[in-house]
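Visitor: As input, take protein_36.cif (mmCIF, C-alpha atoms and all ligand atoms):
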data_work
loop_
_atom_site.group_PDB
_atom_site.id
_atom_site.type_symbol
_atom_site.label_atom_id
_atom_site.label_comp_id
_atom_site.auth_asym_id
_atom_site.auth_seq_id
_atom_site.Cartn_x
_atom_site.Cartn_y
_atom_site.Cartn_z
ATOM 1 C CA MET Y 1 -10.449 25.637 -11.394
ATOM 2 C CA ILE Y 2 -10.545 26.964 -7.833
ATOM 3 C CA GLN Y 3 -13.109 28.844 -5.766
ATOM 4 C CA ASP Y 4 -12.172 30.451 -2.466
ATOM 5 C CA PHE Y 5 -14.311 31.484 0.548
ATOM 6 C CA ASN Y 6 -13.278 32.111 4.178
ATOM 7 C CA ASN Y 7 -9.850 30.534 3.585
ATOM 8 C CA ILE Y 8 -11.530 27.402 2.214
ATOM 9 C CA LEU Y 9 -10.624 26.271 -1.294
ATOM 10 C CA ILE Y 10 -13.016 24.346 -3.494
ATOM 11 C CA ARG Y 11 -11.178 22.497 -6.245
ATOM 12 C CA ASP Y 12 -11.126 19.350 -8.364
ATOM 13 C CA CYS Y 13 -10.139 16.208 -6.459
ATOM 14 C CA THR Y 14 -6.785 14.612 -7.296
ATOM 15 C CA LYS Y 15 -5.595 11.067 -6.706
ATOM 16 C CA GLU Y 16 -3.444 12.354 -3.819
ATOM 17 C CA ASP Y 17 -6.696 13.347 -2.022
ATOM 18 C CA MET Y 18 -8.200 9.874 -2.135
ATOM 19 C CA GLU Y 19 -6.929 8.710 1.269
ATOM 20 C CA ALA Y 20 -8.372 11.797 2.994
ATOM 21 C CA VAL Y 21 -11.613 11.361 1.021
ATOM 22 C CA SER Y 22 -11.885 7.786 2.244
ATOM 23 C CA VAL Y 23 -11.469 8.939 5.876
ATOM 24 C CA LEU Y 24 -14.175 11.592 5.399
ATOM 25 C CA GLU Y 25 -16.607 9.092 3.934
ATOM 26 C CA LYS Y 26 -15.960 6.583 6.739
ATOM 27 C CA GLU Y 27 -16.524 9.342 9.313
ATOM 28 C CA ALA Y 28 -19.823 10.278 7.655
ATOM 29 C CA PHE Y 29 -21.253 6.857 6.762
ATOM 30 C CA GLY Y 30 -19.440 4.301 8.978
ATOM 31 C CA LYS Y 31 -19.922 0.720 7.770
ATOM 32 C CA GLN Y 32 -22.082 1.918 4.865
ATOM 33 C CA ALA Y 33 -19.274 4.085 3.458
ATOM 34 C CA TRP Y 34 -17.763 3.188 0.112
ATOM 35 C CA THR Y 35 -14.431 1.392 0.499
ATOM 36 C CA ALA Y 36 -11.205 3.152 -0.517
ATOM 37 C CA GLU Y 37 -11.148 0.888 -3.592
ATOM 38 C CA GLN Y 38 -14.725 1.783 -4.606
ATOM 39 C CA LEU Y 39 -13.954 5.488 -4.186
ATOM 40 C CA LYS Y 40 -10.776 5.222 -6.248
ATOM 41 C CA ASP Y 41 -12.559 3.302 -9.027
ATOM 42 C CA ALA Y 42 -15.345 5.917 -9.106
ATOM 43 C CA PHE Y 43 -12.864 8.807 -9.109
ATOM 44 C CA LEU Y 44 -10.864 7.298 -12.008
ATOM 45 C CA ARG Y 45 -13.887 6.857 -14.312
ATOM 46 C CA ASN Y 46 -14.050 9.378 -17.133
ATOM 47 C CA ASP Y 47 -17.764 10.036 -16.559
ATOM 48 C CA THR Y 48 -17.320 11.273 -12.977
ATOM 49 C CA LEU Y 49 -16.318 14.558 -11.374
ATOM 50 C CA TYR Y 50 -15.050 14.724 -7.793
ATOM 51 C CA VAL Y 51 -14.624 17.986 -5.914
ATOM 52 C CA VAL Y 52 -12.967 18.623 -2.540
ATOM 53 C CA ALA Y 53 -12.893 21.456 0.003
ATOM 54 C CA GLU Y 54 -9.511 22.198 1.562
ATOM 55 C CA THR Y 55 -8.309 24.467 4.337
ATOM 56 C CA ASP Y 56 -4.745 24.821 5.665
ATOM 57 C CA GLY Y 57 -3.710 21.909 3.438
ATOM 58 C CA LYS Y 58 -6.353 19.574 4.920
ATOM 59 C CA VAL Y 59 -9.204 18.044 2.901
ATOM 60 C CA ILE Y 60 -12.427 18.746 4.841
ATOM 61 C CA GLY Y 61 -15.126 17.897 2.320
ATOM 62 C CA VAL Y 62 -15.871 15.922 -0.811
ATOM 63 C CA CYS Y 63 -18.676 15.518 -3.293
ATOM 64 C CA GLY Y 64 -18.908 13.523 -6.490
ATOM 65 C CA VAL Y 65 -21.177 13.073 -9.485
ATOM 66 C CA GLN Y 66 -21.496 10.463 -12.232
ATOM 67 C CA ASN Y 67 -22.783 11.535 -15.649
ATOM 68 C CA ILE Y 68 -25.343 8.971 -16.813
ATOM 69 C CA CYS Y 69 -26.495 10.031 -20.296
ATOM 70 C CA GLY Y 70 -26.766 13.700 -19.254
ATOM 71 C CA ASP Y 71 -28.248 13.009 -15.816
ATOM 72 C CA GLY Y 72 -25.766 13.752 -13.035
ATOM 73 C CA GLU Y 73 -26.180 11.240 -10.205
ATOM 74 C CA ILE Y 74 -24.658 12.777 -7.095
ATOM 75 C CA THR Y 75 -23.086 9.840 -5.293
ATOM 76 C CA ASN Y 76 -21.020 11.224 -2.416
ATOM 77 C CA VAL Y 77 -21.334 14.325 -0.229
ATOM 78 C CA SER Y 78 -19.580 14.601 3.129
ATOM 79 C CA VAL Y 79 -17.983 17.269 5.290
ATOM 80 C CA ASN Y 80 -15.657 16.853 8.286
ATOM 81 C CA PRO Y 81 -17.879 17.215 11.415
ATOM 82 C CA ASP Y 82 -15.704 20.108 12.713
ATOM 83 C CA PHE Y 83 -16.541 22.162 9.605
ATOM 84 C CA ARG Y 84 -20.266 21.481 9.194
ATOM 85 C CA ASN Y 85 -22.857 24.277 9.073
ATOM 86 C CA CYS Y 86 -20.372 26.690 7.475
ATOM 87 C CA LYS Y 87 -21.707 26.204 3.915
ATOM 88 C CA VAL Y 88 -18.765 24.005 2.887
ATOM 89 C CA ALA Y 89 -21.124 21.510 1.240
ATOM 90 C CA GLY Y 90 -23.169 24.340 -0.307
ATOM 91 C CA HIS Y 91 -20.059 25.763 -1.997
ATOM 92 C CA MET Y 92 -18.867 22.316 -3.140
ATOM 93 C CA LEU Y 93 -22.281 21.579 -4.617
ATOM 94 C CA ASP Y 94 -22.359 24.912 -6.512
ATOM 95 C CA TYR Y 95 -18.908 24.146 -7.933
ATOM 96 C CA LEU Y 96 -19.888 20.573 -8.843
ATOM 97 C CA ILE Y 97 -23.104 21.702 -10.562
ATOM 98 C CA GLU Y 98 -21.372 24.434 -12.609
ATOM 99 C CA ASN Y 99 -18.477 22.213 -13.674
ATOM 100 C CA GLY Y 100 -20.699 19.178 -14.288
ATOM 101 C CA LYS Y 101 -22.604 21.195 -16.894
ATOM 102 C CA LYS Y 102 -19.352 21.340 -18.892
ATOM 103 C CA MET Y 103 -19.400 17.493 -18.961
ATOM 104 C CA GLY Y 104 -22.852 17.610 -20.572
ATOM 105 C CA ILE Y 105 -24.905 17.174 -17.415
ATOM 106 C CA SER Y 106 -28.282 18.866 -17.879
ATOM 107 C CA ALA Y 107 -30.056 17.662 -14.703
ATOM 108 C CA TYR Y 108 -28.893 16.392 -11.313
ATOM 109 C CA THR Y 109 -30.433 13.766 -9.075
ATOM 110 C CA LEU Y 110 -29.728 12.089 -5.741
ATOM 111 C CA GLU Y 111 -31.309 10.058 -2.969
ATOM 112 C CA VAL Y 112 -31.265 11.095 0.656
ATOM 113 C CA ARG Y 113 -32.518 9.565 3.902
ATOM 114 C CA ALA Y 114 -35.883 11.131 4.737
ATOM 115 C CA GLY Y 115 -34.602 12.106 8.210
ATOM 116 C CA ASN Y 116 -31.307 13.661 7.080
ATOM 117 C CA ILE Y 117 -32.360 17.276 7.701
ATOM 118 C CA PRO Y 118 -28.947 18.971 7.085
ATOM 119 C CA ALA Y 119 -28.635 17.197 3.717
ATOM 120 C CA ILE Y 120 -32.241 17.965 2.735
ATOM 121 C CA LYS Y 121 -31.704 21.658 3.600
ATOM 122 C CA LEU Y 122 -28.476 21.650 1.626
ATOM 123 C CA TYR Y 123 -30.152 20.241 -1.508
ATOM 124 C CA GLU Y 124 -33.288 22.383 -1.254
ATOM 125 C CA ASN Y 125 -31.112 25.503 -0.796
ATOM 126 C CA ALA Y 126 -29.357 24.536 -4.049
ATOM 127 C CA GLY Y 127 -32.725 24.342 -5.847
ATOM 128 C CA PHE Y 128 -33.328 20.570 -5.774
ATOM 129 C CA VAL Y 129 -36.991 19.506 -5.688
ATOM 130 C CA SER Y 130 -38.359 16.266 -4.231
ATOM 131 C CA GLU Y 131 -39.949 14.120 -6.949
ATOM 132 C CA GLY Y 132 -40.729 10.949 -5.015
ATOM 133 C CA VAL Y 133 -39.971 8.520 -2.227
ATOM 134 C CA ARG Y 134 -38.550 4.983 -2.259
ATOM 135 C CA PRO Y 135 -40.143 3.422 0.821
ATOM 136 C CA GLY Y 136 -37.719 1.528 3.078
ATOM 137 C CA PHE Y 137 -34.822 2.005 0.640
ATOM 138 C CA TYR Y 138 -32.138 2.332 3.325
ATOM 139 C CA ASP Y 139 -31.086 -0.239 5.940
ATOM 140 C CA ASN Y 140 -29.455 0.164 9.365
ATOM 141 C CA PRO Y 141 -31.688 1.904 10.242
ATOM 142 C CA LYS Y 142 -34.514 1.189 7.805
ATOM 143 C CA GLU Y 143 -35.635 4.500 6.316
ATOM 144 C CA ASP Y 144 -37.300 5.915 3.199
ATOM 145 C CA ALA Y 145 -35.213 7.566 0.485
ATOM 146 C CA VAL Y 146 -36.373 10.887 -0.917
ATOM 147 C CA ILE Y 147 -35.476 11.349 -4.581
ATOM 148 C CA TYR Y 148 -34.417 14.872 -5.513
ATOM 149 C CA TRP Y 149 -33.902 16.440 -8.948
ATOM 150 C CA LEU Y 150 -32.420 19.723 -10.103
ATOM 151 C CA ARG Y 151 -33.521 20.442 -13.674
ATOM 152 C CA PHE Y 152 -32.561 23.414 -15.850
HETATM 153 C C1 LIG Y 201 -25.039 16.885 4.811
HETATM 154 C C2 LIG Y 201 -23.674 17.584 4.965
HETATM 155 C C3 LIG Y 201 -22.807 17.174 3.761
HETATM 156 C C4 LIG Y 201 -23.909 19.098 4.963
HETATM 157 O O1 LIG Y 201 -22.634 19.739 4.993
HETATM 158 P P1 LIG Y 201 -22.488 21.267 5.514
HETATM 159 O O2 LIG Y 201 -21.201 21.787 4.991
HETATM 160 O O3 LIG Y 201 -22.731 21.325 6.961
HETATM 161 O O4 LIG Y 201 -23.718 21.933 4.721
HETATM 162 P P2 LIG Y 201 -24.110 23.468 4.628
HETATM 163 O O5 LIG Y 201 -23.532 24.223 5.790
HETATM 164 O O6 LIG Y 201 -23.770 23.956 3.257
HETATM 165 O O7 LIG Y 201 -25.700 23.374 4.741
HETATM 166 C C5 LIG Y 201 -26.336 22.630 5.759
HETATM 167 C C6 LIG Y 201 -27.720 23.184 6.020
HETATM 168 O O8 LIG Y 201 -28.400 22.363 6.975
HETATM 169 C C7 LIG Y 201 -28.823 23.160 8.078
HETATM 170 N N1 LIG Y 201 -28.810 22.311 9.269
HETATM 171 C C8 LIG Y 201 -27.763 21.648 9.783
HETATM 172 N N2 LIG Y 201 -28.160 20.931 10.858
HETATM 173 C C9 LIG Y 201 -29.495 21.141 11.000
HETATM 174 C C10 LIG Y 201 -30.469 20.678 11.899
HETATM 175 N N3 LIG Y 201 -30.162 19.826 12.875
HETATM 176 N N4 LIG Y 201 -31.750 21.094 11.740
HETATM 177 C C11 LIG Y 201 -32.088 21.955 10.752
HETATM 178 N N5 LIG Y 201 -31.167 22.426 9.841
HETATM 179 C C12 LIG Y 201 -29.911 22.018 9.976
HETATM 180 C C13 LIG Y 201 -27.843 24.309 8.125
HETATM 181 O O9 LIG Y 201 -28.367 25.399 8.844
HETATM 182 C C14 LIG Y 201 -27.685 24.592 6.622
HETATM 183 O O10 LIG Y 201 -28.804 25.280 6.114
HETATM 184 P P3 LIG Y 201 -28.742 26.882 5.857
HETATM 185 O O11 LIG Y 201 -27.589 27.104 4.899
HETATM 186 O O12 LIG Y 201 -30.072 27.191 5.251
HETATM 187 O O13 LIG Y 201 -28.522 27.521 7.188
HETATM 188 C C15 LIG Y 201 -22.976 17.200 6.299
HETATM 189 O O14 LIG Y 201 -23.896 17.384 7.359
HETATM 190 C C16 LIG Y 201 -22.462 15.772 6.333
HETATM 191 O O15 LIG Y 201 -21.316 15.493 5.944
HETATM 192 N N6 LIG Y 201 -23.308 14.838 6.795
HETATM 193 C C17 LIG Y 201 -22.939 13.410 6.819
HETATM 194 C C18 LIG Y 201 -22.940 12.820 5.415
HETATM 195 C C19 LIG Y 201 -24.277 12.985 4.720
HETATM 196 O O16 LIG Y 201 -25.343 12.819 5.315
HETATM 197 N N7 LIG Y 201 -24.210 13.290 3.395
HETATM 198 C C20 LIG Y 201 -25.389 13.467 2.563
HETATM 199 C C21 LIG Y 201 -25.847 12.164 2.055
HETATM 200 S S1 LIG Y 201 -27.191 12.342 0.919
#
Can you turn what I pasted into structure tokens?
Ligand SMILES: CC(C)(COP(=O)(O)OP(=O)(O)OC[C@H]1O[C@@H](n2cnc3c(N)ncnc32)[C@H](O)[C@@H]1OP(=O)(O)O)[C@@H](O)C(=O)NCCC(=O)NCCS

Guide:
Amino acid sequence: MIQDFNNILIRDCTKEDMEAVSVLEKEAFGKQAWTAEQLKDAFLRNDTLYVVAETDGKVIGVCGVQNICGDGEITNVSVNPDFRNCKVAGHMLDYLIENGKKMGISAYTLEVRAGNIPAIKLYENAGFVSEGVRPGFYDNPKEDAVIYWLRF
């Protein structure tokens, strides 16, 4: 299935996208990014859904979810820095949430660095609500994780 806005396509990820996805994740998370192998293993699982954003044949965003007994754990969200603040992630998330429901996901959850304002805005705009904090969860730099849920 495909969604289109401002010449940007939102569609299911394919194995041909994995190299571009790995570059995006490295750009967004540096040394803490998942390796290409970890991303490929996650993508190939039958309990995951990966979605990409594409424009002019170039992959500019990715997000992924794993279905854990009906809870969708959102594991990866990143957008090419040149395309941020244009609602690319917002559209990918909408697509992921709608299509995840078809896999039996009835609630979504994720963790985010407490100081990651763009990500927090993104999730709150999509209806996620903070349900707790894991103090000092992240390293380099040390930071709390905020736990968000979207329940239906
Ligand atoms: C988080 C990320 C995926 C958002 O992607 P995006 O396509 O820019 O997201 P959107 O445009 O849909 O939404 C971003 C929101 O943050 C807001 N925002 C961005 N920078 C901001 C800032 N410095 N201060 C306040 N708000 C900010 C935008 O205005 C927008 O909110 P709005 O729609 O209400 O105006 C992107 O910044 C990214 O790849 N970051 C690095 C990886 C990352 O942190 N991933 C999330 C891990 S949990």

Visitor: For atom CA of Asn7 of chain Y and atom O5 of ligand LIG 201 (chain Y), quote the distance in Å rounded to one decimal.

Guide: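 These atoms are spaced 15.2 Å apart.
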
Visitor: Please provide the set of residues having any atom within 9 Å of segment 12-24 of chain Y, restricted to only C-alpha atoms, with same-chain residues fewer than 4 positions apart removed, written as a PyMOL selection string.

Guide: chain Y and resi 1-2+28-29+33-36+39-40+43-44+49-53+58-62+78-80+96

Visitor: Convert the current residue selection to file output with C-alpha atoms, as a compact mmCIF listing (two decimals), in the frame of the given file.

Guide:
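Listing of selection.txt after writing:
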# COMPACT_ATOMS: atom_id res chain seq x y z
CA MET Y 1 -10.45 25.64 -11.39
CA ILE Y 2 -10.54 26.96 -7.83
CA ALA Y 28 -19.82 10.28 7.66
CA PHE Y 29 -21.25 6.86 6.76
CA ALA Y 33 -19.27 4.08 3.46
CA TRP Y 34 -17.76 3.19 0.11
CA THR Y 35 -14.43 1.39 0.50
CA ALA Y 36 -11.20 3.15 -0.52
CA LEU Y 39 -13.95 5.49 -4.19
CA LYS Y 40 -10.78 5.22 -6.25
CA PHE Y 43 -12.86 8.81 -9.11
CA LEU Y 44 -10.86 7.30 -12.01
CA LEU Y 49 -16.32 14.56 -11.37
CA TYR Y 50 -15.05 14.72 -7.79
CA VAL Y 51 -14.62 17.99 -5.91
CA VAL Y 52 -12.97 18.62 -2.54
CA ALA Y 53 -12.89 21.46 0.00
CA LYS Y 58 -6.35 19.57 4.92
CA VAL Y 59 -9.20 18.04 2.90
CA ILE Y 60 -12.43 18.75 4.84
CA GLY Y 61 -15.13 17.90 2.32
CA VAL Y 62 -15.87 15.92 -0.81
CA SER Y 78 -19.58 14.60 3.13
CA VAL Y 79 -17.98 17.27 5.29
CA ASN Y 80 -15.66 16.85 8.29
CA LEU Y 96 -19.89 20.57 -8.84

Visitor: Using only C-alpha atoms and all ligand atoms, which residues of the polymer chains come no farther than 6 Å from ligand LIG 201 (chain Y)? I'd like the answer as a list in words.

Guide: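 Using only C-alpha atoms and all ligand atoms, everything at most 6 Å from ligand LIG 201 (chain Y) comes to Ala28, Val77, Ser78, Val79, Arg84, Asn85, Cys86, Lys87, Val88, Ala89, Gly90, Val112, Ile117, Pro118, Ala119, Lys121 and Leu122 of chain Y.
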
Visitor: Let me make sure I understand: among Y:Leu150, Y:Lys102, Y:Glu25, Y:Phe137, which one has the smallest atom-to-atom distance to Asn76 of chain Y if we use only C-alpha atoms?

Guide: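 That would be Y:Glu25, the residue with the smallest distance to Asn76 of chain Y.
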
Visitor: In Å, rounded to a single decimal, give me how far atom CA of Glu111 of chain Y is from atom CA of Val129 of chain Y.

Guide: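 Computing the Euclidean distance for atom CA of Val129 of chain Y and atom CA of Glu111 of chain Y yields 11.4 Å.
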
Visitor: For atom CA of Arg11 of chain Y and atom CA of Lys31 of chain Y, determine how far apart the two atoms are, in Å to one decimal place.

Guide: 27.3 Å

Visitor: Write out as number ranges by chain the residues lying within 9 Å of segment 131-135 of chain Y, counting only C-alpha atoms and excluding same-chain residues fewer than 6 positions away.

Guide: Y: 111, 114, 143-149

Visitor: Selection from above, C-alpha atoms, as a CSV table (one decimal), keeping the file's coordinate frame, can you write it?

Guide:
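Saved as selection31.csv:
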chain,number,residue,atom,x,y,z
Y,111,GLU,CA,-31.3,10.1,-3.0
Y,114,ALA,CA,-35.9,11.1,4.7
Y,143,GLU,CA,-35.6,4.5,6.3
Y,144,ASP,CA,-37.3,5.9,3.2
Y,145,ALA,CA,-35.2,7.6,0.5
Y,146,VAL,CA,-36.4,10.9,-0.9
Y,147,ILE,CA,-35.5,11.3,-4.6
Y,148,TYR,CA,-34.4,14.9,-5.5
Y,149,TRP,CA,-33.9,16.4,-8.9

Visitor: For a quick check of understanding, using all atoms listed in the file, which of Y:Glu54, Y:Phe152, Y:Gly100, Y:Asp41 has the smallest distance to Phe5 of chain Y?

Guide: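 Among the listed residues, the smallest separation from Phe5 of chain Y belongs to Y:Glu54.
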
Visitor: Taking into account only C-alpha atoms, which residue in the set Y:Gln32, Y:Asn125, Y:Gln3, Y:Ser106 is nearest to Asn67 of chain Y?

Guide: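 The closest residue to Asn67 of chain Y is Y:Ser106.
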
Visitor: Which is closer to Gly30 of chain Y than all the others in Y:Asn140, Y:Gly64, Y:Tyr123, Y:Asp71, using only C-alpha atoms?

Guide: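 Among the listed residues, Y:Asn140 lies closest to Gly30 of chain Y.
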
Visitor: What would the selection look like, as a count of residues only, if the PyMOL selection byres (((chain Y and resi 73) around 9) and not hetatm) were run on the coordinates I just shared?

Guide: 14

Visitor: Counting only C-alpha atoms, which residue out of Y:Lys142, Y:His91, Y:Lys101, Y:Arg113 sits closest to Cys63 of chain Y?

Guide: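 Ranking Y:Lys142, Y:His91, Y:Lys101, Y:Arg113 by distance to Cys63 of chain Y, first place goes to Y:His91.
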
Visitor: Return as lines of an AutoDock Vina configuration file the centre and edge lengths, in Å with one decimal, of the box along x, y and z that encloses every atom of segment 83-99 of chain Y in the file, padded by 8 Å per side.

Guide:
center_x = -19.9
center_y = 23.6
center_z = -2.0
size_x = 22.6
size_y = 22.1
size_z = 39.3
